[in-house]
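Chemist: Got a structure for you, upload06.txt, holding compact mmCIF, C-alpha atoms.
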```txt
# COMPACT_ATOMS: atom_id res chain seq x y z
CA MET A 1 -10.23 -43.05 0.37
CA THR A 2 -8.09 -40.82 2.62
CA THR A 3 -9.04 -37.14 2.39
CA PRO A 4 -6.10 -35.15 0.92
CA HIS A 5 -4.73 -32.53 3.28
CA GLY A 6 -1.44 -30.95 4.35
CA ASP A 7 1.30 -32.09 1.98
CA TRP A 8 -0.96 -34.25 -0.19
CA PHE A 9 0.48 -32.77 -3.39
CA GLN A 10 3.97 -33.85 -2.32
CA ARG A 11 2.84 -37.35 -1.43
CA ALA A 12 0.97 -37.57 -4.74
CA ARG A 13 4.09 -36.26 -6.49
CA LEU A 14 1.99 -33.63 -8.27
CA LYS A 15 3.90 -32.14 -11.21
CA LEU A 16 3.37 -29.15 -13.48
CA ARG A 17 2.72 -31.69 -16.24
CA HIS A 18 -0.30 -32.93 -14.30
CA LEU A 19 -1.69 -29.41 -14.06
CA GLN A 20 -1.18 -28.82 -17.78
CA LEU A 21 -2.90 -32.12 -18.56
CA PHE A 22 -5.94 -31.22 -16.44
CA ALA A 23 -6.26 -27.89 -18.25
CA ALA A 24 -5.89 -29.53 -21.67
CA LEU A 25 -8.46 -32.26 -20.83
CA ASP A 26 -10.88 -29.59 -19.67
CA GLU A 27 -10.45 -27.76 -22.97
CA HIS A 28 -10.66 -30.77 -25.31
CA ARG A 29 -12.48 -33.45 -23.23
CA ASN A 30 -10.43 -35.94 -25.23
CA ILE A 31 -7.18 -37.59 -24.14
CA HIS A 32 -5.77 -37.86 -27.67
CA ARG A 33 -6.24 -34.16 -28.47
CA ALA A 34 -5.03 -33.12 -25.00
CA ALA A 35 -1.89 -35.21 -25.49
CA GLU A 36 -1.28 -33.61 -28.91
CA GLN A 37 -1.54 -30.15 -27.38
CA LEU A 38 1.10 -31.07 -24.79
CA GLY A 39 3.38 -32.76 -27.34
CA MET A 40 3.11 -36.23 -25.81
CA SER A 41 1.64 -39.55 -26.87
CA GLN A 42 -1.85 -40.65 -25.88
CA PRO A 43 -0.55 -43.63 -23.88
CA ALA A 44 1.79 -41.33 -21.95
CA ALA A 45 -1.09 -38.95 -21.16
CA SER A 46 -3.33 -41.83 -20.08
CA LYS A 47 -0.56 -43.20 -17.88
CA LEU A 48 0.03 -39.78 -16.28
CA LEU A 49 -3.66 -39.42 -15.46
CA ALA A 50 -4.03 -42.99 -14.17
CA GLU A 51 -0.91 -42.54 -12.00
CA LEU A 52 -2.34 -39.49 -10.25
CA GLU A 53 -5.78 -41.10 -9.79
CA TYR A 54 -4.07 -44.07 -8.15
CA LEU A 55 -2.00 -41.87 -5.84
CA LEU A 56 -5.06 -39.81 -4.84
CA GLY A 57 -7.29 -42.85 -4.51
CA VAL A 58 -10.11 -41.29 -6.57
CA SER A 59 -11.26 -41.23 -10.17
CA LEU A 60 -11.02 -37.73 -11.67
CA PHE A 61 -12.69 -38.24 -15.07
CA GLU A 62 -15.55 -40.34 -16.38
CA ARG A 63 -14.46 -42.22 -19.53
CA HIS A 64 -16.87 -42.34 -22.47
CA PRO A 65 -16.48 -43.70 -26.03
CA ARG A 66 -16.10 -40.17 -27.43
CA GLY A 67 -13.94 -38.72 -24.68
CA VAL A 68 -13.77 -37.87 -20.98
CA GLU A 69 -15.79 -35.71 -18.57
CA PRO A 70 -14.45 -34.45 -15.24
CA ASN A 71 -16.35 -35.52 -12.13
CA TRP A 72 -16.52 -33.41 -8.93
CA TYR A 73 -12.96 -34.34 -7.97
CA GLY A 74 -11.74 -33.54 -11.46
CA GLU A 75 -13.56 -30.19 -11.50
CA VAL A 76 -11.80 -29.16 -8.28
CA LEU A 77 -8.35 -30.02 -9.64
CA ILE A 78 -9.06 -28.41 -13.01
CA ARG A 79 -10.14 -25.16 -11.35
CA HIS A 80 -7.05 -24.97 -9.16
CA SER A 81 -4.76 -26.16 -11.95
CA ARG A 82 -5.87 -23.30 -14.18
CA SER A 83 -5.37 -20.85 -11.31
CA ILE A 84 -1.85 -22.11 -10.60
CA ILE A 85 -0.87 -22.05 -14.28
CA ALA A 86 -2.21 -18.49 -14.60
CA GLU A 87 -0.22 -17.39 -11.54
CA LEU A 88 2.94 -18.96 -12.96
CA ASP A 89 2.33 -17.18 -16.27
CA ASN A 90 1.88 -13.90 -14.39
CA ALA A 91 5.07 -14.53 -12.45
CA GLY A 92 6.95 -15.11 -15.68
CA GLU A 93 5.63 -11.88 -17.19
CA GLU A 94 6.50 -9.97 -14.03
CA LEU A 95 10.02 -11.39 -13.89
CA ALA A 96 10.59 -10.48 -17.52
CA ALA A 97 9.28 -6.98 -16.91
CA LEU A 98 11.41 -6.60 -13.78
CA ARG A 99 14.51 -7.43 -15.81
CA GLU A 100 13.58 -4.49 -18.03
CA GLY A 101 12.79 -2.35 -14.97
CA ASN A 102 9.40 -1.24 -16.24
CA SER A 103 6.93 -3.30 -14.27
CA GLY A 104 6.38 -5.21 -11.05
CA ARG A 105 4.74 -4.12 -7.82
CA VAL A 106 5.97 -1.74 -5.14
CA VAL A 107 4.34 -1.55 -1.70
CA VAL A 108 4.98 1.70 0.15
CA GLY A 109 3.72 3.25 3.38
CA THR A 110 3.68 6.97 4.12
CA VAL A 111 2.90 9.57 6.76
CA ALA A 112 0.45 12.30 5.73
CA PRO A 113 3.03 14.85 4.45
CA GLY A 114 4.46 12.24 2.08
CA ILE A 115 1.19 11.77 0.20
CA ASP A 116 1.68 14.72 -2.15
CA LEU A 117 5.29 13.71 -2.89
CA LEU A 118 4.15 10.18 -3.72
CA ALA A 119 1.39 11.50 -5.97
CA GLN A 120 3.91 13.62 -7.88
CA ALA A 121 6.38 10.72 -8.06
CA ILE A 122 3.81 8.23 -9.34
CA GLU A 123 2.53 10.67 -11.96
CA ARG A 124 6.04 10.93 -13.42
CA LEU A 125 6.88 7.27 -12.89
CA HIS A 126 3.88 6.00 -14.83
CA LEU A 127 5.00 7.98 -17.85
CA GLU A 128 8.25 5.98 -17.81
CA SER A 129 6.90 2.63 -16.55
CA PRO A 130 3.15 2.46 -17.15
CA GLN A 131 2.95 -1.20 -16.07
CA LEU A 132 4.41 -0.60 -12.61
CA ARG A 133 1.84 -1.20 -9.86
CA VAL A 134 2.17 0.86 -6.68
CA SER A 135 0.25 0.06 -3.49
CA ILE A 136 0.11 2.80 -0.82
CA ASP A 137 -0.85 2.74 2.88
CA THR A 138 -0.89 5.64 5.33
CA ASP A 139 -0.10 5.45 9.05
CA VAL A 140 2.06 7.00 11.76
CA SER A 141 5.84 6.66 11.58
CA GLN A 142 6.24 4.13 14.38
CA SER A 143 3.73 1.70 12.86
CA LEU A 144 5.14 2.15 9.36
CA VAL A 145 8.72 1.39 10.41
CA GLU A 146 7.61 -1.63 12.45
CA ALA A 147 5.73 -2.98 9.40
CA LEU A 148 8.78 -2.27 7.22
CA ALA A 149 10.88 -4.42 9.57
CA GLU A 150 8.34 -7.24 9.15
CA GLY A 151 8.69 -7.06 5.36
CA LYS A 152 5.23 -5.60 4.69
CA TYR A 153 6.64 -2.65 2.74
CA ASP A 154 9.46 -2.17 0.25
CA LEU A 155 10.03 1.31 1.70
CA VAL A 156 8.22 3.92 3.78
CA LEU A 157 8.14 7.71 3.92
CA ALA A 158 8.29 8.42 7.64
CA ARG A 159 10.02 10.24 10.47
CA ILE A 160 12.76 8.54 12.43
CA PRO A 161 11.04 6.88 15.41
CA ASP A 162 12.60 7.46 18.82
CA LYS A 163 13.57 3.79 19.14
CA LEU A 164 14.77 3.29 15.58
CA GLN A 165 17.55 0.70 15.38
CA GLY A 166 20.11 2.39 13.17
CA ASN A 167 21.82 -0.86 12.21
CA ARG A 168 18.62 -2.18 10.60
CA PHE A 169 17.49 0.78 8.48
CA ILE A 170 18.72 3.38 6.01
CA TYR A 171 17.21 6.86 6.33
CA GLU A 172 17.32 9.57 3.68
CA ASN A 173 15.92 12.98 4.59
CA LEU A 174 13.29 14.47 2.26
CA ALA A 175 11.61 17.51 3.82
CA GLU A 176 10.39 19.20 6.96
CA GLU A 177 6.64 19.07 7.50
CA GLN A 178 5.02 22.49 7.70
CA LEU A 179 1.78 22.86 9.65
CA SER A 180 -1.22 25.04 8.91
CA LEU A 181 -3.91 26.37 11.23
CA VAL A 182 -7.30 26.11 9.51
CA CYS A 183 -10.73 27.55 10.33
CA ARG A 184 -13.94 28.21 8.44
CA GLN A 185 -14.38 31.17 6.11
CA GLY A 186 -16.09 33.91 8.13
CA HIS A 187 -14.31 32.99 11.35
CA PRO A 188 -13.65 36.06 13.56
CA LEU A 189 -9.88 35.66 13.03
CA CYS A 190 -10.07 35.58 9.22
CA THR A 191 -9.69 39.34 8.99
CA ARG A 192 -6.38 39.36 10.88
CA ASP A 193 -3.12 39.55 8.93
CA THR A 194 -1.42 37.42 11.58
CA VAL A 195 -2.65 35.79 14.78
CA GLY A 196 -0.88 34.97 18.03
CA LEU A 197 -1.28 32.08 20.45
CA GLY A 198 -3.18 34.22 22.95
CA GLU A 199 -5.92 34.88 20.41
CA LEU A 200 -5.94 31.26 19.20
CA ALA A 201 -6.36 29.95 22.76
CA GLU A 202 -9.70 31.74 23.08
CA TYR A 203 -11.33 29.38 20.56
CA PRO A 204 -12.05 25.61 20.63
CA TRP A 205 -9.50 23.37 18.91
CA VAL A 206 -9.88 20.10 16.99
CA LEU A 207 -6.70 18.03 17.48
CA GLU A 208 -5.29 14.53 17.54
CA PRO A 209 -5.36 12.60 20.84
CA PRO A 210 -2.45 13.40 23.23
CA ASP A 211 -0.21 10.64 21.84
CA GLY A 212 -0.21 12.21 18.36
CA LEU A 213 2.96 13.95 17.21
CA LEU A 214 1.09 16.97 15.87
CA ARG A 215 -0.88 17.35 19.13
CA GLN A 216 2.38 17.20 21.11
CA ARG A 217 3.91 19.85 18.87
CA VAL A 218 0.94 22.22 19.36
CA SER A 219 1.00 21.71 23.15
CA GLU A 220 4.74 22.32 23.20
CA GLN A 221 4.28 25.61 21.31
CA PHE A 222 1.71 26.86 23.85
CA LEU A 223 3.80 25.81 26.86
CA ARG A 224 7.02 27.28 25.47
CA SER A 225 5.25 30.59 24.84
CA GLY A 226 3.75 30.66 28.34
CA VAL A 227 0.20 30.71 26.99
CA ALA A 228 -2.48 28.56 28.61
CA LEU A 229 -3.70 25.67 26.45
CA PRO A 230 -7.14 26.08 24.84
CA ARG A 231 -9.86 25.27 27.37
CA GLN A 232 -11.93 23.26 24.89
CA THR A 233 -10.34 20.56 22.75
CA ILE A 234 -12.13 17.99 20.60
CA GLU A 235 -10.00 14.94 19.81
CA THR A 236 -10.06 13.05 16.52
CA ARG A 237 -7.58 11.55 14.07
CA SER A 238 -10.01 11.95 11.16
CA VAL A 239 -9.51 14.78 8.68
CA LEU A 240 -13.16 14.43 7.63
CA VAL A 241 -14.38 14.86 11.21
CA SER A 242 -12.09 17.89 11.60
CA MET A 243 -13.52 19.44 8.43
CA ALA A 244 -17.09 18.91 9.60
CA LEU A 245 -16.43 20.43 13.03
CA ILE A 246 -14.52 23.52 11.95
CA GLY A 247 -16.95 24.06 9.08
CA ARG A 248 -19.87 24.48 11.51
CA THR A 249 -18.20 26.14 14.52
CA ASP A 250 -15.49 28.62 15.45
CA ALA A 251 -13.09 25.76 16.17
CA ILE A 252 -9.54 25.75 14.77
CA THR A 253 -7.52 22.75 13.67
CA ALA A 254 -3.84 22.15 12.95
CA MET A 255 -2.65 19.82 10.23
CA SER A 256 0.00 19.22 7.62
CA SER A 257 0.09 22.07 5.11
CA ASP A 258 0.16 19.50 2.29
CA VAL A 259 -2.99 17.81 3.62
CA ALA A 260 -4.66 21.21 4.05
CA ARG A 261 -3.97 22.05 0.39
CA LEU A 262 -5.34 18.69 -0.77
CA ALA A 263 -8.39 18.39 1.48
CA PHE A 264 -9.70 21.87 2.22
CA ASP A 265 -11.74 23.91 -0.26
CA PRO A 266 -10.53 27.54 0.03
CA ARG A 267 -14.09 28.72 -0.62
CA ARG A 268 -15.15 27.12 2.67
CA PHE A 269 -11.98 27.17 4.76
CA HIS A 270 -9.30 29.69 5.62
CA VAL A 271 -5.63 29.16 6.55
CA LEU A 272 -4.63 31.52 9.35
CA ARG A 273 -1.28 33.29 9.27
CA PHE A 274 0.35 32.28 12.53
CA GLU A 275 3.05 34.80 13.46
CA GLU A 276 5.46 32.23 14.93
CA GLY A 277 5.09 29.40 12.41
CA PHE A 278 4.66 25.67 12.99
CA SER A 279 6.71 22.73 11.79
CA LEU A 280 7.43 19.13 12.73
CA LYS A 281 10.70 17.27 12.55
CA PRO A 282 11.72 16.09 9.07
CA PHE A 283 10.50 12.94 7.36
CA GLY A 284 12.24 10.89 4.72
CA ILE A 285 12.72 7.57 2.93
CA VAL A 286 13.26 4.63 5.27
CA ARG A 287 14.26 1.19 3.99
CA GLN A 288 15.77 -1.94 5.40
CA LYS A 289 19.53 -2.19 5.40
CA GLY A 290 20.81 -5.13 3.38
CA ARG A 291 17.53 -5.72 1.53
CA ARG A 292 17.84 -5.69 -2.23
CA LEU A 293 15.07 -3.57 -3.72
CA SER A 294 13.38 -4.34 -7.03
CA PRO A 295 14.06 -2.10 -10.04
CA GLY A 296 10.53 -0.70 -9.66
CA ALA A 297 11.14 0.25 -6.00
CA MET A 298 14.41 1.96 -6.94
CA GLN A 299 12.60 3.86 -9.70
CA LEU A 300 10.01 5.01 -7.18
CA ILE A 301 12.72 6.23 -4.80
CA GLN A 302 14.33 8.24 -7.60
CA ALA A 303 10.95 9.73 -8.53
CA VAL A 304 10.24 10.68 -4.89
CA ARG A 305 13.65 12.39 -4.66
CA ARG A 306 12.90 14.42 -7.80
CA ALA A 307 9.47 15.35 -6.45
CA ALA A 308 11.01 16.53 -3.16
CA GLU A 309 13.59 18.63 -5.02
CA HIS A 310 10.90 20.14 -7.23
CA THR A 311 8.70 20.97 -4.24
CA ALA A 312 11.60 22.57 -2.36
CA ALA A 313 12.55 24.70 -5.37
CA ARG A 314 8.92 25.80 -5.84
CA THR A 315 8.64 26.74 -2.15
CA GLN A 316 11.83 28.82 -2.23
CA ALA A 317 10.89 30.62 -5.48
```
Could you write out this structure as structure tokens?

Modeler:
Amino acid sequence: MTTPHGDWFQRARLKLRHLQLFAALDEHRNIHRAAEQLGMSQPAASKLLAELEYLLGVSLFERHPRGVEPNWYGEVLIRHSRSIIAELDNAGEELAALREGNSGRVVVGTVAPGIDLLAQAIERLHLESPQLRVSIDTDVSQSLVEALAEGKYDLVLARIPDKLQGNRFIYENLAEEQLSLVCRQGHPLCTRDTVGLGELAEYPWVLEPPDGLLRQRVSEQFLRSGVALPRQTIETRSVLVSMALIGRTDAITAMSSDVARLAFDPRRFHVLRFEEGFSLKPFGIVRQKGRRLSPGAMQLIQAVRRAAEHTAARTQA
């Protein structure tokens, strides 16, 4: 016997009918009853099985007077046959649901400030399409757009990277990311109505590494104001590490206002009122030009737009 590998199923001319026969034989352990289930004659079922055994060069079932029993080879094919049939059934259900626009799967990536918008969008979307599955990743804009180009995502919520190829993507602006300066409750600056950079520079800071967009924005603010950068800076990309550090020291951290609202307990942490204000450049929906999106992905885009409009109206009120 030659061990099957590579394109063995093509050389063996494996058909869906073979897979259905394996599943039926596993259920009934009788060729006659399996053939009845598939709407074919017993001789036709026997011929189909014998044909595949000949092409594979192995026996798949042990024949007995009262029926058949799969051997090790048969067990392997039965297991995979059932898996393939189940996947085909799932594909059929998903295609039918996609035609109705109420199911399917959407894979989306987002920068931190897009998390709250996505949460709002999915909450509304699942009321309209409860069967729609949404998978979410978080990363920086450059990585998200690169992965989008590779087909990993249906769409991403990101900023426009410096080297974005405009002929490959469609960008739709959503919002500008506001930043918050956070410290522990009881910090010496908590009693101040507003704080300036000079006062902030006197304390340690917890920030992203120098290549991070937020870190660059903070450094730019200090340099533009002519204030020396904080002498002590602890670098981390982890929100949890930032929380632990500022919760135990007089350190200050800067982060997305949306993330601050989601992650920081106001009983433990305090958002400082910075007199000049902080913001990053806008972020929005990025998708590949010329790629046809599924109905579910288009529904998600509409829900994100509504969430952005709602958030903007709430902020202005």

Chemist: Residues within 10 Å of Ala50 of chain A, please, as a short mmCIF file (atom, residue, chain, number, x, y, z; two decimals) with C-alpha atoms, in the coordinates of the input. Count only C-alpha atoms; anything in the same chain fewer than 6 positions from it doesn't count.

Modeler:
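Listed below is the output, result-v5.cif:
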```cif
data_model
loop_
_atom_site.label_atom_id
_atom_site.label_comp_id
_atom_site.auth_asym_id
_atom_site.auth_seq_id
_atom_site.Cartn_x
_atom_site.Cartn_y
_atom_site.Cartn_z
CA ALA A 44 1.79 -41.33 -21.95
CA LEU A 56 -5.06 -39.81 -4.84
CA VAL A 58 -10.11 -41.29 -6.57
CA SER A 59 -11.26 -41.23 -10.17
CA LEU A 60 -11.02 -37.73 -11.67
CA PHE A 61 -12.69 -38.24 -15.07
#
```

Chemist: A:Lys15, A:Arg306, A:Arg66, A:Arg287: which is nearest Leu157 of chain A, counting all atoms listed in the file?

Modeler: A:Arg287

Chemist: I'd like to know which of A:Ile234, A:Val218, A:Ala201, A:Val182 is closest to Asp265 of chain A, using only C-alpha atoms.

Modeler: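 When distances to Asp265 of chain A are compared using only C-alpha atoms, the smallest one comes from A:Val182.
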
Chemist: Counting all atoms listed in the file, I want the residues whose atoms come within 10 Å of (-10.6, 27.1, 13.6) in the file frame, returned as a PDB file with C-alpha atoms, in the coordinates of the input.

Modeler:
```
ATOM      1  CA  LEU A 181      -3.910  26.370  11.230  1.00  0.00           C
ATOM      2  CA  VAL A 182      -7.300  26.110   9.510  1.00  0.00           C
ATOM      3  CA  CYS A 183     -10.730  27.550  10.330  1.00  0.00           C
ATOM      4  CA  ARG A 184     -13.940  28.210   8.440  1.00  0.00           C
ATOM      5  CA  GLN A 185     -14.380  31.170   6.110  1.00  0.00           C
ATOM      6  CA  HIS A 187     -14.310  32.990  11.350  1.00  0.00           C
ATOM      7  CA  PRO A 188     -13.650  36.060  13.560  1.00  0.00           C
ATOM      8  CA  LEU A 189      -9.880  35.660  13.030  1.00  0.00           C
ATOM      9  CA  CYS A 190     -10.070  35.580   9.220  1.00  0.00           C
ATOM     10  CA  LEU A 200      -5.940  31.260  19.200  1.00  0.00           C
ATOM     11  CA  TYR A 203     -11.330  29.380  20.560  1.00  0.00           C
ATOM     12  CA  PRO A 204     -12.050  25.610  20.630  1.00  0.00           C
ATOM     13  CA  TRP A 205      -9.500  23.370  18.910  1.00  0.00           C
ATOM     14  CA  VAL A 206      -9.880  20.100  16.990  1.00  0.00           C
ATOM     15  CA  SER A 242     -12.090  17.890  11.600  1.00  0.00           C
ATOM     16  CA  MET A 243     -13.520  19.440   8.430  1.00  0.00           C
ATOM     17  CA  LEU A 245     -16.430  20.430  13.030  1.00  0.00           C
ATOM     18  CA  ILE A 246     -14.520  23.520  11.950  1.00  0.00           C
ATOM     19  CA  GLY A 247     -16.950  24.060   9.080  1.00  0.00           C
ATOM     20  CA  ARG A 248     -19.870  24.480  11.510  1.00  0.00           C
ATOM     21  CA  THR A 249     -18.200  26.140  14.520  1.00  0.00           C
ATOM     22  CA  ASP A 250     -15.490  28.620  15.450  1.00  0.00           C
ATOM     23  CA  ALA A 251     -13.090  25.760  16.170  1.00  0.00           C
ATOM     24  CA  ILE A 252      -9.540  25.750  14.770  1.00  0.00           C
ATOM     25  CA  THR A 253      -7.520  22.750  13.670  1.00  0.00           C
ATOM     26  CA  ALA A 254      -3.840  22.150  12.950  1.00  0.00           C
ATOM     27  CA  PHE A 269     -11.980  27.170   4.760  1.00  0.00           C
ATOM     28  CA  HIS A 270      -9.300  29.690   5.620  1.00  0.00           C
ATOM     29  CA  VAL A 271      -5.630  29.160   6.550  1.00  0.00           C
ATOM     30  CA  LEU A 272      -4.630  31.520   9.350  1.00  0.00           C
TER      31      LEU A 272
END
```

Chemist: Please, what distance in Å, to one decimal, runs between atom CA of Ala158 of chain A and atom CA of Gly284 of chain A?

Modeler: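 If I compute the distance from atom CA of Ala158 of chain A to atom CA of Gly284 of chain A, I get 5.5 Å.
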
Chemist: Using the file's own x, y and z axes, what box holds all listed atoms of segment 30-47 of chain A with 5 Å on each side, keeping edges along x, y and z, and what are its centre and edge lengths in Å to one decimal, as lines of an AutoDock Vina configuration file?

Modeler:
```
center_x = -3.5
center_y = -36.9
center_z = -23.4
size_x = 23.8
size_y = 23.5
size_z = 21.0
```

Chemist: Mind checking which residues fall within 9 Å of Asp137 of chain A, counting all atoms listed in the file, ignoring those fewer than 6 positions away in the same chain, and posting them as number ranges by chain?

Modeler: A: 107-111, 144

Chemist: Could you save the residues just selected, with C-alpha atoms, as an mmCIF file, in the coordinates of the input?

Modeler:
```cif
data_model
loop_
_atom_site.group_PDB
_atom_site.id
_atom_site.type_symbol
_atom_site.label_atom_id
_atom_site.label_comp_id
_atom_site.auth_asym_id
_atom_site.auth_seq_id
_atom_site.Cartn_x
_atom_site.Cartn_y
_atom_site.Cartn_z
ATOM 1 C CA VAL A 107 4.340 -1.550 -1.700
ATOM 2 C CA VAL A 108 4.980 1.700 0.150
ATOM 3 C CA GLY A 109 3.720 3.250 3.380
ATOM 4 C CA THR A 110 3.680 6.970 4.120
ATOM 5 C CA VAL A 111 2.900 9.570 6.760
ATOM 6 C CA LEU A 144 5.140 2.150 9.360
#
```

Chemist: Could you pull the residues within 12 Å of Leu223 of chain A, counting all atoms listed in the file, minus those fewer than 5 positions along the same chain, as a PyMOL selection string?

Modeler: chain A and resi 197-198+201+216-218+228-230

Chemist: Write to file, as a PDB file, in the coordinates of the input, the residues of the selection just made, with C-alpha atoms.

Modeler:
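Dumped to selection.pdb:
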```pdb
ATOM      1  CA  LEU A 197      -1.280  32.080  20.450  1.00  0.00           C
ATOM      2  CA  GLY A 198      -3.180  34.220  22.950  1.00  0.00           C
ATOM      3  CA  ALA A 201      -6.360  29.950  22.760  1.00  0.00           C
ATOM      4  CA  GLN A 216       2.380  17.200  21.110  1.00  0.00           C
ATOM      5  CA  ARG A 217       3.910  19.850  18.870  1.00  0.00           C
ATOM      6  CA  VAL A 218       0.940  22.220  19.360  1.00  0.00           C
ATOM      7  CA  ALA A 228      -2.480  28.560  28.610  1.00  0.00           C
ATOM      8  CA  LEU A 229      -3.700  25.670  26.450  1.00  0.00           C
ATOM      9  CA  PRO A 230      -7.140  26.080  24.840  1.00  0.00           C
TER      10      PRO A 230
END
```

Chemist: Figure out the distance between atom CA of Leu48 of chain A and atom CA of His18 of chain A, please, to one decimal in Å.

Modeler: 7.1 Å

Chemist: Might you pull out every residue within 10 Å of segment 171-179 of chain A, with all atoms listed in the file counted and same-chain residues fewer than 5 positions away left off, and present them as a PyMOL selection string?

Modeler: chain A and resi 112-114+117+156-160+166+214+217-218+254-260+274+277-289+304-305+307-309+311-312

Chemist: For Gly196 of chain A, which residue among A:Gln20, A:Ser143, A:Gln221, A:Ser135 is the nearest when counting only C-alpha atoms?

Modeler: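 Closest candidate: A:Gln221.
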
Chemist: Just how far from atom CA of His32 of chain A is atom CA of Val76 of chain A, in Å to one decimal?

Modeler: 22.1 Å

Chemist: Taking into account all atoms listed in the file, which residue in the set A:Thr191, A:Asp154, A:Ala121, A:Gly212 is nearest to Gln142 of chain A?

Modeler: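 Under the stated criterion, the closest residue is A:Gly212.
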